[in-house]
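Here is the structure we will look at, set down as structure tokens.
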Amino acid sequence: MPHYFPMSDPTHYTGHAGALSDPAAAAIQTGLLLVNLGTPEAPTAAAVRPYLAEFLGDPRVIDYPRWLWWPILHGVILRVRPRRSAQAYARIWTPQGSPLRVGSEALAAALQNALDRRRPGAVRVALAMRYGQPAVVPTIERLVREGVRRLLVLPLYPQYSATSTGSVLDAVAAAMQRLRWPPELRTINDYHDDPAHIEALAGHIERWWQRHGRGEKLLLSFHGIPERYVRAGDPYRDQCLATARRLRERLGLAEDALVLSFQSRVGREPWLSPYTDATVRALAARGVRRLDVACPGFAVDCLETLEEIAMQNREFFLEAGGEDLRYIPALNDDPAQVDQLCALALRHLQGWPGFDGRAVRSAEAPA
Ligand SMILES: C=CC1=C(C)c2cc3[nH]c(cc4nc(cc5[nH]c(cc1n2)c(C)c5CCC(=O)O)C(CCC(=O)O)=C4C)c(C)c3C=C
Ligand SMILES: [Fe+2]
Ligand SMILES: [Fe+2]
């Protein structure tokens, strides 16, 4: 049970007084909170277990009734999966840590710079993770202690799903419940069809093709979710399809030059299809020799792109007779993504003090 309005901890209700006692912090009252999925602290079973327990214990992710799911999760899955997952993480771990964490921090720093150039001293950027550290609730509590009275939340998922974006909103709501004086709040649901986002993706892929040449086909692989969730009203599939169609049109590709699939299936029930592993094997069997793969559902590279696509699915493609599967990296801190997210944030900040009503187009974002 969360405890509400904890009177014993003065930091929970002295956001304003705290700001007065620290004039430097009081200057910035608007916060931009980026939230990504999160990642274990180390590529070991011991570190992966609590991360997976939090992730797979989230009812937004696995919606089976708790009495049914809990014994399976704690009795079976958390005894087996952490060791296997840790081996996968070990293959992509960097000296600085998990790629998801390192890449998200780089993106947050670049976005802070871009906003500082455009609106000097107006926005404080922070990064939190839905699972693991730094967690959403203490990060919002810290921002409020530092004087933030207006908060824009930007989940780093271009397409909305209840399992990803929806769960971030749950964590933000939990933070609001705990605060005696919550900040004004705005949230961004998705940016799957933001023209500047499509332009950023297309330009990134074209520049990659200029450097590396072009494969015979381009596969867009999105993270999957259970089909059942889509039938229940999750707009995720439609948003993935819309991103793919706009990207195909912008790249000027024929319909059969672009293939779409869904990866990372977990469990036994049907997930969105076609599955990525079956798709790369089928493409090789049909005679495709050089396949390019991009994952536009991931703002930042992570286990699911660097290990599952660039290593595992590459092996599947080669085993099935393909010559090369080339993974085109995520946008990460590419200036095209930084500018797009900067303009997106400024549009959503309009009307708050310091942010005039003038429309902000992505073309106005700093280079
Ligand atoms: C892009 C958005 C994501 C959606 C939608 C999503 C749904 C979803 N994921 C799982 C289970 C797992 N996902 C795992 C890793 C992972 N998932 C996303 C993003 C989405 N997931 C990212 C960015 C990552 C990488 C994290 C990293 O540290 O790099 C994992 C953990 C790894 C493993 O053990 O395989 C699991 C488990 C479900 C069940 C689900 C929807 C129901
Ligand atoms: Fe996932
Ligand atoms: Fe995976």
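Letters A, B, ... go to the chains of the structure tokens in the order shown; residues in each chain start at 1; ligands are counted from 1 in the same order.
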Would you list the contacts of Leu272 of chain A as a ChimeraX atom specification, taking every protein, DNA or RNA residue within 10 Å and counting only C-alpha atoms, but skipping same-chain residues closer than 3 positions in sequence? /A:222-230,236-237,261-263,265,275
Please save C-alpha atoms of the selected residues as an mmCIF file, in the first residue's frame.
```cif
data_model
loop_
_atom_site.group_PDB
_atom_site.id
_atom_site.type_symbol
_atom_site.label_atom_id
_atom_site.label_comp_id
_atom_site.auth_asym_id
_atom_site.auth_seq_id
_atom_site.Cartn_x
_atom_site.Cartn_y
_atom_site.Cartn_z
ATOM 1 C CA PHE A 222 8.287 -3.274 -33.801
ATOM 2 C CA HIS A 223 8.075 -4.716 -30.281
ATOM 3 C CA GLY A 224 5.000 -6.977 -30.067
ATOM 4 C CA ILE A 225 2.173 -7.144 -27.544
ATOM 5 C CA PRO A 226 -0.523 -9.819 -27.062
ATOM 6 C CA GLU A 227 -3.197 -9.714 -29.786
ATOM 7 C CA ARG A 228 -5.794 -9.844 -27.036
ATOM 8 C CA TYR A 229 -4.719 -6.367 -25.823
ATOM 9 C CA VAL A 230 -5.336 -4.920 -29.285
ATOM 10 C CA TYR A 236 -0.645 0.177 -30.592
ATOM 11 C CA ARG A 237 -0.930 -1.964 -33.750
ATOM 12 C CA SER A 261 6.924 -7.506 -38.304
ATOM 13 C CA PHE A 262 6.659 -7.745 -34.506
ATOM 14 C CA GLN A 263 9.404 -9.064 -32.223
ATOM 15 C CA ARG A 265 7.144 -12.408 -28.002
ATOM 16 C CA TYR A 275 6.690 -12.501 -35.968
#
```
Neighbour list for segment 294-306 of chain A as a VMD selection string, cut-off 7 Å, only C-alpha atoms, skip fewer than 2 positions in-chain: chain A and resid 89 92 99 to 100 103 to 104 156 to 159 219 to 223 292 308 to 311 327 to 332
Using only N, CA and C atoms, please write the residues we just selected to a file, as a PDB file, in the first residue's frame.
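As written to disk, selection30.pdb reads:
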```pdb
ATOM      1  N   TYR A  89      21.993  -9.834 -21.946  1.00  0.00           N
ATOM      2  CA  TYR A  89      22.491  -8.496 -21.575  1.00  0.00           C
ATOM      3  C   TYR A  89      24.017  -8.447 -21.632  1.00  0.00           C
ATOM      4  N   ILE A  92      25.691  -7.293 -24.841  1.00  0.00           N
ATOM      5  CA  ILE A  92      25.569  -5.914 -25.325  1.00  0.00           C
ATOM      6  C   ILE A  92      26.039  -4.883 -24.298  1.00  0.00           C
ATOM      7  N   PRO A  99      23.133  -0.287 -22.563  1.00  0.00           N
ATOM      8  CA  PRO A  99      22.925   0.663 -23.668  1.00  0.00           C
ATOM      9  C   PRO A  99      21.645   1.492 -23.513  1.00  0.00           C
ATOM     10  N   LEU A 100      20.574   0.895 -23.004  1.00  0.00           N
ATOM     11  CA  LEU A 100      19.322   1.652 -22.842  1.00  0.00           C
ATOM     12  C   LEU A 100      19.526   2.837 -21.907  1.00  0.00           C
ATOM     13  N   GLY A 103      22.185   5.379 -23.540  1.00  0.00           N
ATOM     14  CA  GLY A 103      21.570   6.095 -24.661  1.00  0.00           C
ATOM     15  C   GLY A 103      20.494   7.059 -24.200  1.00  0.00           C
ATOM     16  N   SER A 104      19.708   6.673 -23.197  1.00  0.00           N
ATOM     17  CA  SER A 104      18.648   7.564 -22.698  1.00  0.00           C
ATOM     18  C   SER A 104      19.260   8.778 -22.016  1.00  0.00           C
ATOM     19  N   LEU A 156       9.297   7.838 -23.749  1.00  0.00           N
ATOM     20  CA  LEU A 156      10.117   7.696 -24.965  1.00  0.00           C
ATOM     21  C   LEU A 156       9.624   6.540 -25.836  1.00  0.00           C
ATOM     22  N   TYR A 157       8.313   6.495 -26.071  1.00  0.00           N
ATOM     23  CA  TYR A 157       7.710   5.494 -26.954  1.00  0.00           C
ATOM     24  C   TYR A 157       6.930   6.225 -28.040  1.00  0.00           C
ATOM     25  N   PRO A 158       7.361   6.129 -29.296  1.00  0.00           N
ATOM     26  CA  PRO A 158       6.640   6.841 -30.365  1.00  0.00           C
ATOM     27  C   PRO A 158       5.190   6.388 -30.507  1.00  0.00           C
ATOM     28  N   GLN A 159       4.942   5.055 -30.312  1.00  0.00           N
ATOM     29  CA  GLN A 159       3.583   4.517 -30.419  1.00  0.00           C
ATOM     30  C   GLN A 159       3.026   4.288 -29.024  1.00  0.00           C
ATOM     31  N   LEU A 219      13.154  -4.157 -43.551  1.00  0.00           N
ATOM     32  CA  LEU A 219      12.210  -4.716 -42.581  1.00  0.00           C
ATOM     33  C   LEU A 219      12.085  -3.741 -41.416  1.00  0.00           C
ATOM     34  N   LEU A 220      10.851  -3.377 -41.068  1.00  0.00           N
ATOM     35  CA  LEU A 220      10.613  -2.579 -39.859  1.00  0.00           C
ATOM     36  C   LEU A 220      10.088  -3.527 -38.795  1.00  0.00           C
ATOM     37  N   SER A 221      10.861  -3.694 -37.718  1.00  0.00           N
ATOM     38  CA  SER A 221      10.455  -4.609 -36.648  1.00  0.00           C
ATOM     39  C   SER A 221      10.055  -3.796 -35.417  1.00  0.00           C
ATOM     40  N   PHE A 222       8.796  -3.942 -35.008  1.00  0.00           N
ATOM     41  CA  PHE A 222       8.287  -3.274 -33.801  1.00  0.00           C
ATOM     42  C   PHE A 222       8.188  -4.299 -32.672  1.00  0.00           C
ATOM     43  N   HIS A 223       8.310  -3.834 -31.431  1.00  0.00           N
ATOM     44  CA  HIS A 223       8.075  -4.716 -30.281  1.00  0.00           C
ATOM     45  C   HIS A 223       6.622  -5.182 -30.336  1.00  0.00           C
ATOM     46  N   ASP A 292      17.963  -5.139 -44.743  1.00  0.00           N
ATOM     47  CA  ASP A 292      18.179  -4.056 -43.780  1.00  0.00           C
ATOM     48  C   ASP A 292      17.020  -4.064 -42.782  1.00  0.00           C
ATOM     49  N   GLU A 308      18.570  -8.862 -29.812  1.00  0.00           N
ATOM     50  CA  GLU A 308      17.550  -9.687 -30.479  1.00  0.00           C
ATOM     51  C   GLU A 308      17.579  -9.518 -31.997  1.00  0.00           C
ATOM     52  N   ILE A 309      17.736  -8.290 -32.486  1.00  0.00           N
ATOM     53  CA  ILE A 309      17.759  -8.073 -33.938  1.00  0.00           C
ATOM     54  C   ILE A 309      19.169  -8.262 -34.489  1.00  0.00           C
ATOM     55  N   ALA A 310      20.113  -7.436 -34.007  1.00  0.00           N
ATOM     56  CA  ALA A 310      21.438  -7.385 -34.651  1.00  0.00           C
ATOM     57  C   ALA A 310      22.244  -8.655 -34.425  1.00  0.00           C
ATOM     58  N   MET A 311      21.905  -9.462 -33.401  1.00  0.00           N
ATOM     59  CA  MET A 311      22.635 -10.724 -33.182  1.00  0.00           C
ATOM     60  C   MET A 311      21.745 -11.928 -33.483  1.00  0.00           C
ATOM     61  N   TYR A 327      21.555  -4.193 -39.233  1.00  0.00           N
ATOM     62  CA  TYR A 327      20.673  -3.448 -38.348  1.00  0.00           C
ATOM     63  C   TYR A 327      20.991  -1.952 -38.437  1.00  0.00           C
ATOM     64  N   ILE A 328      20.001  -1.148 -38.758  1.00  0.00           N
ATOM     65  CA  ILE A 328      20.161   0.309 -38.810  1.00  0.00           C
ATOM     66  C   ILE A 328      19.855   0.848 -37.416  1.00  0.00           C
ATOM     67  N   PRO A 329      20.826   1.469 -36.739  1.00  0.00           N
ATOM     68  CA  PRO A 329      20.639   1.849 -35.334  1.00  0.00           C
ATOM     69  C   PRO A 329      19.424   2.758 -35.114  1.00  0.00           C
ATOM     70  N   ALA A 330      18.971   2.785 -33.867  1.00  0.00           N
ATOM     71  CA  ALA A 330      17.896   3.699 -33.471  1.00  0.00           C
ATOM     72  C   ALA A 330      18.385   5.145 -33.590  1.00  0.00           C
ATOM     73  N   LEU A 331      17.473   6.097 -33.465  1.00  0.00           N
ATOM     74  CA  LEU A 331      17.850   7.504 -33.604  1.00  0.00           C
ATOM     75  C   LEU A 331      18.768   7.952 -32.457  1.00  0.00           C
ATOM     76  N   ASN A 332      18.594   7.370 -31.273  1.00  0.00           N
ATOM     77  CA  ASN A 332      19.430   7.719 -30.117  1.00  0.00           C
ATOM     78  C   ASN A 332      19.533   9.244 -29.955  1.00  0.00           C
TER      79      ASN A 332
END
```
Show which residues sit within 9 Å of Leu78 of chain A, as a list in words. Count only C-alpha atoms, and ignore same-chain residues fewer than 6 positions away. Arg49, Pro50, Leu52, Ala53 and Ile72 of chain A
Can you write just those residues out, N, CA and C atoms, as a PDB file, in the first residue's frame?
```pdb
ATOM      1  N   ARG A  49      16.875 -10.349 -11.913  1.00  0.00           N
ATOM      2  CA  ARG A  49      15.689 -10.901 -11.245  1.00  0.00           C
ATOM      3  C   ARG A  49      14.762  -9.806 -10.694  1.00  0.00           C
ATOM      4  N   PRO A  50      15.256  -8.856  -9.865  1.00  0.00           N
ATOM      5  CA  PRO A  50      14.325  -7.830  -9.347  1.00  0.00           C
ATOM      6  C   PRO A  50      13.754  -6.932 -10.451  1.00  0.00           C
ATOM      7  N   LEU A  52      13.072  -7.911 -13.606  1.00  0.00           N
ATOM      8  CA  LEU A  52      12.002  -8.678 -14.253  1.00  0.00           C
ATOM      9  C   LEU A  52      10.800  -8.831 -13.323  1.00  0.00           C
ATOM     10  N   ALA A  53      11.041  -8.949 -12.022  1.00  0.00           N
ATOM     11  CA  ALA A  53       9.925  -9.096 -11.076  1.00  0.00           C
ATOM     12  C   ALA A  53       9.041  -7.848 -11.123  1.00  0.00           C
ATOM     13  N   ILE A  72       3.041 -18.359 -10.786  1.00  0.00           N
ATOM     14  CA  ILE A  72       3.786 -18.710 -12.009  1.00  0.00           C
ATOM     15  C   ILE A  72       5.026 -17.833 -12.126  1.00  0.00           C
TER      16      ILE A  72
END
```
What is the distance between atom CA of Thr39 of chain A and atom CA of Arg124 of chain A, in Å to one decimal?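 Rounded to one decimal, the two atoms are 23.5 Å apart.
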Point-to-point distance from atom CA of Ala106 of chain A to atom CA of Asp333 of chain A, Å rounded to tenths: 6.2 Å
Using only C-alpha atoms and all ligand atoms, the shortest atom-to-atom distance to ligand 2 among A:Arg130, A:Arg248, A:Arg117, A:Arg84 belongs to A:Arg130
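If only C-alpha atoms and all ligand atoms are the atoms counted, then among A:Ala86, A:Ala242, A:Leu283, A:Ala232 the closest residue to ligand 3 is A:Ala86.
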Can you list, as number ranges by chain, every residue of segment 135-305 of chain A that DSSP puts in strand (DSSP E or B)? A: 135, 150-155, 184-187, 217-223, 226, 258-263, 271, 275, 290-294
Can you list, as JSON, numbers by chain, every protein, DNA or RNA residue that comes within 10 Å of segment 55-59 of chain A when you count only C-alpha atoms, leaving out same-chain residues fewer than 6 positions away? {"A": [37, 38, 39, 49, 65, 66, 69, 70, 73, 74, 77, 78, 130, 131, 132, 163, 167]}
Ranking A:Ser161, A:Val153, A:Thr44, A:Asn113 by minimum distance to ligand 2 and counting only C-alpha atoms and all ligand atoms, which one comes first?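 Distance minimum relative to ligand 2 lands on A:Ser161.
Excluding segment 28-30 of chain A itself and any same-chain residue fewer than 4 positions from it, the protein and nucleic acid residues within 9 Å of it, counting only C-alpha atoms, are Ala24, Gly121, Ala122, Val123, Arg124, Val125, Val144, Glu146, Gly147, Val148, Arg149, Arg150, Leu151, Leu152, Leu349, Trp352 and Pro353 of chain A.
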So the first atom is atom 31 (C, counted along the ligand's line) of ligand 1 and the second is atom CA of Ser85 of chain A; what is the distance between them in Å, to one decimal place? 6.9 Å
Could you check which of A:Arg91, A:Arg60, A:Arg245, A:Arg326 is closest to ligand 2, using only C-alpha atoms and all ligand atoms?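 So, comparing all the options, the nearest one is A:Arg60.
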Pick out the closest residue to ligand 1 from this set: A:Ala174, A:Leu253, A:Val280, A:Ala45. Count only C-alpha atoms and all ligand atoms.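 For ligand 1, the nearest of the given residues is A:Ala45.
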